[in-house]
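To keep things clear, I will list the structure first and then write my remarks on it.
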Amino acid sequence: MESESESGAAADTPPLETLSFHGDEEIIEVVELDPGPPDPADDLAQEMEDVDFEEEEEEDEGNDEGWVLEPQEGVVGSMEGPDDSEVTFALHSASVFCVSLDPKTNTLAVTGGEDDKAFVWRLSDGDLLFECAGHKDSVTCAGFSHDSTLVATGDMSGLLKVWQVDTKEEVWSFEAGDLEWMEWHPRAPVLLAGTADGNTWMWKVPNGDCKTFQGPNCPATCGRVLPDGKRAVVGYEDGTIRIWDLKQGNPIHVLKGTEGHQGPLTCVATNQDGSLILTGSVDCQAKLVSATTGKVVGVFRPETVTSQPSLGEGEESESNSVESLGFCSVMPLAAVGYLDGTLAIYDLSTQTLRHQCQHQSGIVQLLWEAGTAVVYTCSLDGVVRLWDARTGRLLTDYRGHTAEILDFALSKDASLVVTTSGDHKAKVFCVQRPDR
């Protein structure tokens with residue numbers, strides 16, 4: 001994406017909605033996918049006519065028939081015991097912490113692991129495209145830019161690197177503080193990350209223009225760019241939540257005290273239009289927040305915390321926490337996954353518990369399938385499960401890992417689930433459902 005330099009606007013010219021950075025006055029254009037009614041914030045979208053956000057029509061050449069059947073280098077075709085996976089990527093030599101799929105075609109994955117390595121590989125056959133070399137600590141964050149042209153990897157020490165996918169060349173790197181989370185901007189080649197010193201960083205890639213958002217003197221433990229691309233919500237170890245204006249660099253809303261959490265935040269999510277935010281914490285609470293007013297409009301607590309017998313002061317809260325959460329795109333439902341293995345489905349309209357689905361071990365992450373009321377969970381028992389949130393019924397499960405699943409990703413059409421595990425492997429599962 002090309003950016004234009006603003007040599008100095010006349011004083012009477014309406015301000016252009018941009019993300020501003022330290023250093024040269026660079027303009028990052030942020031496009032609204034749906035302009036909607038006229039709004040001052042939409043001025044920015046008019047500046048982005050040179051960017052095409054239309055999904056490219058792609059042909060999955062051989063994807064339907066291209067699953068690997070025989071072991072290749074780094075690919076294991078079969079494992080001892082039941083294995084429902086179609087492809088196993090086995091080039092990592094330690095636990096694989098993270099996975100992300102390229103958003104444009106969903107044909108590539110990037111994985112990062114405890115072996116200080118990250119790889120970009122093909123989903124159809126597990127073939128290695130290239131290694132994201134140069135990390136000297138566990139790679140805990142990895143992801144593709146919105147247009148799939150760039151891939152970023154980040155390690156625990158705070159070293160971030162970006163590669164151009166087509167040339168396989170490193171185009172940018174930066175050393176920040178100890179890394180907590182990393183995410184690409186949904187519209188522009190802009191990378192955000194949170195670090196243990198409380199800062200949230202924003203870089204324009206690859207030229208490196210930088211902006212920092214200074215939080216409290218404690219780790220910025222989780223963060224998410226809102227769908228409008230102009231704001232980000234960040235959660236902190238002290239239980240506070242800040243909604244940042246990415247252009248101005250100031251917090252629009254700060255939730256602390258009783259409005260915030262009573263423990264470190266673990267996860268944050270937004271609904272499709274960005275009007276609602278859901279935050280989770282080790283205090284076992286999930287808070288529903290209005291992104292517009294910054295007010296808490298709902299609090300969800302697991303029933304198990306009050307119904308289970310007391311195990312001693314503080315022990316119950318320490319043994320459970322919110323690990324993952326998300327919004328359904330077609331019904332007013334939210335899902336919250338807990339470390340004790342509970343999947344809670346809440347009705348947002350009545351703010352009541354609709355279903356409680358129990359796992360045999362702790363939930364690591366959950367994802368909603370787009371356009372349906374199906375929730376996917378991965379857990380410490382190494383199993384992926386699909387749940388019907390309308391009924392609370394388990395639809396199916398997928399097995400194959402010999403250790404805990406640490407992360408997973410879902411293709412846009414929900415035909416593939418890609419998992420990473422403590423067994424040093426990443427796996428591709430073909431999802432088959434009778435209602436599809």
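By order in the structure tokens, chains are A, B, ...; within a chain, residues start at 1; ligands start at 1, following the order shown.
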Problem - Backbone-only DSSP, helix (DSSP H, G or I) members of segment 255-391 of chain A, as a ChimeraX atom specification - result: /A:303-307,315-318
Problem - strand (DSSP E or B) call set, DSSP backbone run, segment 81-302 of chain A, as a ChimeraX atom specification - result: /A:87-89,96-101,108-113,118-122,128-131,139-144,150-155,159-164,169-175,179-184,190-195,199-204,210-214,220-225,231-236,241-245,251-255,265-270,276-281,286-290,296-300
Export of prior selection with C-alpha atoms as a tab-separated table (two decimals), in the first residue's frame:
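Written file, again.tsv:
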```
chain	number	residue	atom	x	y	z
A	87	VAL	CA	-1.83	-33.23	7.03
A	88	THR	CA	0.75	-33.05	9.81
A	89	PHE	CA	3.49	-30.42	9.72
A	96	VAL	CA	4.27	-25.09	18.62
A	97	PHE	CA	2.71	-22.04	20.26
A	98	CYS	CA	0.87	-20.17	17.53
A	99	VAL	CA	-0.73	-20.49	14.10
A	100	SER	CA	-2.37	-18.10	11.66
A	101	LEU	CA	-3.80	-18.55	8.16
A	108	LEU	CA	-0.92	-20.82	3.74
A	109	ALA	CA	-0.20	-21.15	7.45
A	110	VAL	CA	2.48	-19.59	9.62
A	111	THR	CA	3.47	-21.35	12.85
A	112	GLY	CA	5.85	-20.36	15.63
A	113	GLY	CA	7.31	-22.44	18.42
A	118	ALA	CA	8.67	-19.88	12.56
A	119	PHE	CA	7.65	-21.45	9.27
A	120	VAL	CA	5.32	-20.50	6.43
A	121	TRP	CA	3.89	-23.65	4.83
A	122	ARG	CA	1.16	-24.84	2.52
A	128	LEU	CA	7.50	-25.63	3.53
A	129	LEU	CA	7.41	-22.29	1.72
A	130	PHE	CA	10.11	-20.61	3.79
A	131	GLU	CA	11.50	-20.29	7.31
A	139	VAL	CA	8.09	-17.49	18.75
A	140	THR	CA	4.74	-16.81	20.43
A	141	CYS	CA	3.02	-14.57	17.87
A	142	ALA	CA	2.65	-14.91	14.09
A	143	GLY	CA	0.22	-13.58	11.53
A	144	PHE	CA	-0.41	-12.38	7.98
A	150	LEU	CA	3.27	-9.73	4.54
A	151	VAL	CA	3.80	-12.13	7.42
A	152	ALA	CA	4.96	-11.07	10.88
A	153	THR	CA	6.53	-13.14	13.66
A	154	GLY	CA	7.30	-12.12	17.21
A	155	ASP	CA	9.24	-13.84	19.97
A	159	LEU	CA	12.01	-9.20	18.50
A	160	LEU	CA	9.49	-8.72	15.69
A	161	LYS	CA	10.21	-9.52	12.05
A	162	VAL	CA	8.20	-9.07	8.86
A	163	TRP	CA	8.66	-10.94	5.59
A	164	GLN	CA	7.24	-10.32	2.14
A	169	GLU	CA	12.55	-11.77	2.03
A	170	GLU	CA	12.71	-10.05	5.40
A	171	VAL	CA	11.59	-6.43	4.97
A	172	TRP	CA	11.45	-5.10	8.55
A	173	SER	CA	12.45	-5.91	12.11
A	174	PHE	CA	12.22	-4.20	15.50
A	175	GLU	CA	13.22	-5.00	19.07
A	179	LEU	CA	6.17	-9.43	23.87
A	180	GLU	CA	2.64	-10.12	25.14
A	181	TRP	CA	0.55	-9.95	21.95
A	182	MET	CA	0.74	-8.88	18.30
A	183	GLU	CA	-1.92	-8.11	15.68
A	184	TRP	CA	-2.11	-6.67	12.19
A	190	VAL	CA	0.24	-1.52	10.18
A	191	LEU	CA	1.38	-3.84	12.97
A	192	LEU	CA	0.39	-3.47	16.63
A	193	ALA	CA	1.89	-5.19	19.65
A	194	GLY	CA	1.68	-5.05	23.44
A	195	THR	CA	4.71	-5.44	25.69
A	199	ASN	CA	3.28	-0.03	26.06
A	200	THR	CA	1.22	-0.72	22.97
A	201	TRP	CA	3.23	-0.16	19.81
A	202	MET	CA	2.04	0.65	16.31
A	203	TRP	CA	4.36	0.50	13.29
A	204	LYS	CA	3.87	1.29	9.65
A	210	CYS	CA	6.27	4.21	15.04
A	211	LYS	CA	3.71	5.33	17.59
A	212	THR	CA	3.43	4.20	21.20
A	213	PHE	CA	0.47	4.19	23.54
A	214	GLN	CA	1.68	4.25	27.12
A	220	ALA	CA	-0.32	-4.96	28.24
A	221	THR	CA	-1.53	-8.56	28.29
A	222	CYS	CA	-4.01	-8.59	25.37
A	223	GLY	CA	-5.30	-6.32	22.66
A	224	ARG	CA	-7.51	-6.11	19.61
A	225	VAL	CA	-7.98	-3.52	16.85
A	231	ARG	CA	-9.54	2.31	17.76
A	232	ALA	CA	-7.97	-0.53	19.72
A	233	VAL	CA	-8.92	-2.09	23.04
A	234	VAL	CA	-6.07	-3.17	25.30
A	235	GLY	CA	-6.22	-5.10	28.58
A	236	TYR	CA	-3.56	-4.91	31.29
A	241	ILE	CA	-8.97	-1.73	30.14
A	242	ARG	CA	-8.21	1.10	27.75
A	243	ILE	CA	-9.85	1.96	24.42
A	244	TRP	CA	-7.27	3.88	22.40
A	245	ASP	CA	-7.72	6.39	19.60
A	251	PRO	CA	-7.22	6.70	25.55
A	252	ILE	CA	-10.86	7.41	24.77
A	253	HIS	CA	-12.07	5.32	27.72
A	254	VAL	CA	-10.32	3.85	30.76
A	255	LEU	CA	-12.05	1.17	32.83
A	265	LEU	CA	-6.77	-9.65	31.63
A	266	THR	CA	-6.31	-12.77	29.51
A	267	CYS	CA	-8.34	-12.10	26.37
A	268	VAL	CA	-10.49	-9.56	24.56
A	269	ALA	CA	-12.89	-9.76	21.60
A	270	THR	CA	-15.22	-7.47	19.66
A	276	LEU	CA	-19.47	-4.33	21.85
A	277	ILE	CA	-16.31	-5.55	23.53
A	278	LEU	CA	-15.95	-8.67	25.65
A	279	THR	CA	-13.05	-8.92	28.10
A	280	GLY	CA	-11.86	-11.92	30.13
A	281	SER	CA	-9.64	-12.19	33.17
A	286	ALA	CA	-16.22	-11.76	31.39
A	287	LYS	CA	-17.32	-8.16	31.01
A	288	LEU	CA	-19.46	-6.81	28.20
A	289	VAL	CA	-18.46	-3.23	27.39
A	290	SER	CA	-19.99	-0.65	25.08
A	296	VAL	CA	-19.81	-2.05	31.35
A	297	VAL	CA	-23.23	-3.26	30.20
A	298	GLY	CA	-22.99	-6.84	31.44
A	299	VAL	CA	-20.93	-9.17	33.63
A	300	PHE	CA	-20.80	-12.94	33.19
```
Handout entry: Between atom CA of Gly382 of chain A and atom CA of Asp407 of chain A - distance in Å to one decimal
Key =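 Going from atom CA of Asp407 of chain A over to atom CA of Gly382 of chain A, I get 10.4 Å.
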Problem - Who sits within 6 Å of Phe429 of chain A, only C-alpha atoms, same chain under 4 positions skipped, as a PyMOL selection string - result: chain A and resi 85-86+416-417
Would you mind exporting the chosen residues as a PDB file, in the first residue's frame, restricted to C-alpha atoms?
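Result file is result.pdb:
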```
ATOM      1  CA  SER A  85      -5.940 -35.074  10.563  1.00  0.00           C
ATOM      2  CA  GLU A  86      -5.280 -34.850   6.820  1.00  0.00           C
ATOM      3  CA  LEU A 416     -10.284 -26.618   7.647  1.00  0.00           C
ATOM      4  CA  VAL A 417      -9.072 -26.413  11.227  1.00  0.00           C
TER       5      VAL A 417
END
```
Exercise for the section: Could you tell me which of A:Leu386, A:Val375, A:Ala291, A:Val364 comes closest to Phe327 of chain A if we count only C-alpha atoms? Expected result: A:Val375
Exercise for the section: Tell me which of A:His92, A:Lys117, A:Arg385, A:Arg390 sits closest to Val330 of chain A, counting only C-alpha atoms. Expected result: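 Closest candidate: A:Arg390.
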Problem - Option closest in space to Leu366 of chain A, from A:Gly400, A:Gly326, A:Gly392, A:Gly422 [counting only C-alpha atoms] - result: A:Gly326
Practice task
Please identify all polymer residues within 8 Å of Ala370 of chain A, counting only C-alpha atoms, omitting same-chain residues fewer than 2 positions from it, and present them as a ChimeraX atom specification.
Solution key: /A:328-329,368,372,412-414
Problem - Pairwise distance for atom CA of Lys256 of chain A and atom CA of Ile363 of chain A, rounded to one decimal in Å - result: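 Value for the atom CA of Lys256 of chain A-atom CA of Ile363 of chain A distance: 27.0 Å.
As for atom CA of Glu369 of chain A and atom CA of Trp387 of chain A, they are spaced 10.2 Å apart.
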Handout entry: Proximity to Glu114 of chain A - best of A:Leu406, A:Val383, A:Cys378, A:Ala335, only C-alpha atoms
Key =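 Using only C-alpha atoms, Glu114 of chain A sits closest to A:Leu406.
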Problem - Residue among A:Lys425, A:Lys104, A:Lys136, A:Lys295 lying closest to Ala403 of chain A, counting only C-alpha atoms - result: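 Closest to Ala403 of chain A of all the choices is A:Lys425.
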Fill in the blank from the handout: Of A:Ser157, A:Asn320, A:Ser95, A:Asn207, the one nearest to His401 of chain A when counting only C-alpha atoms is A:Ser95
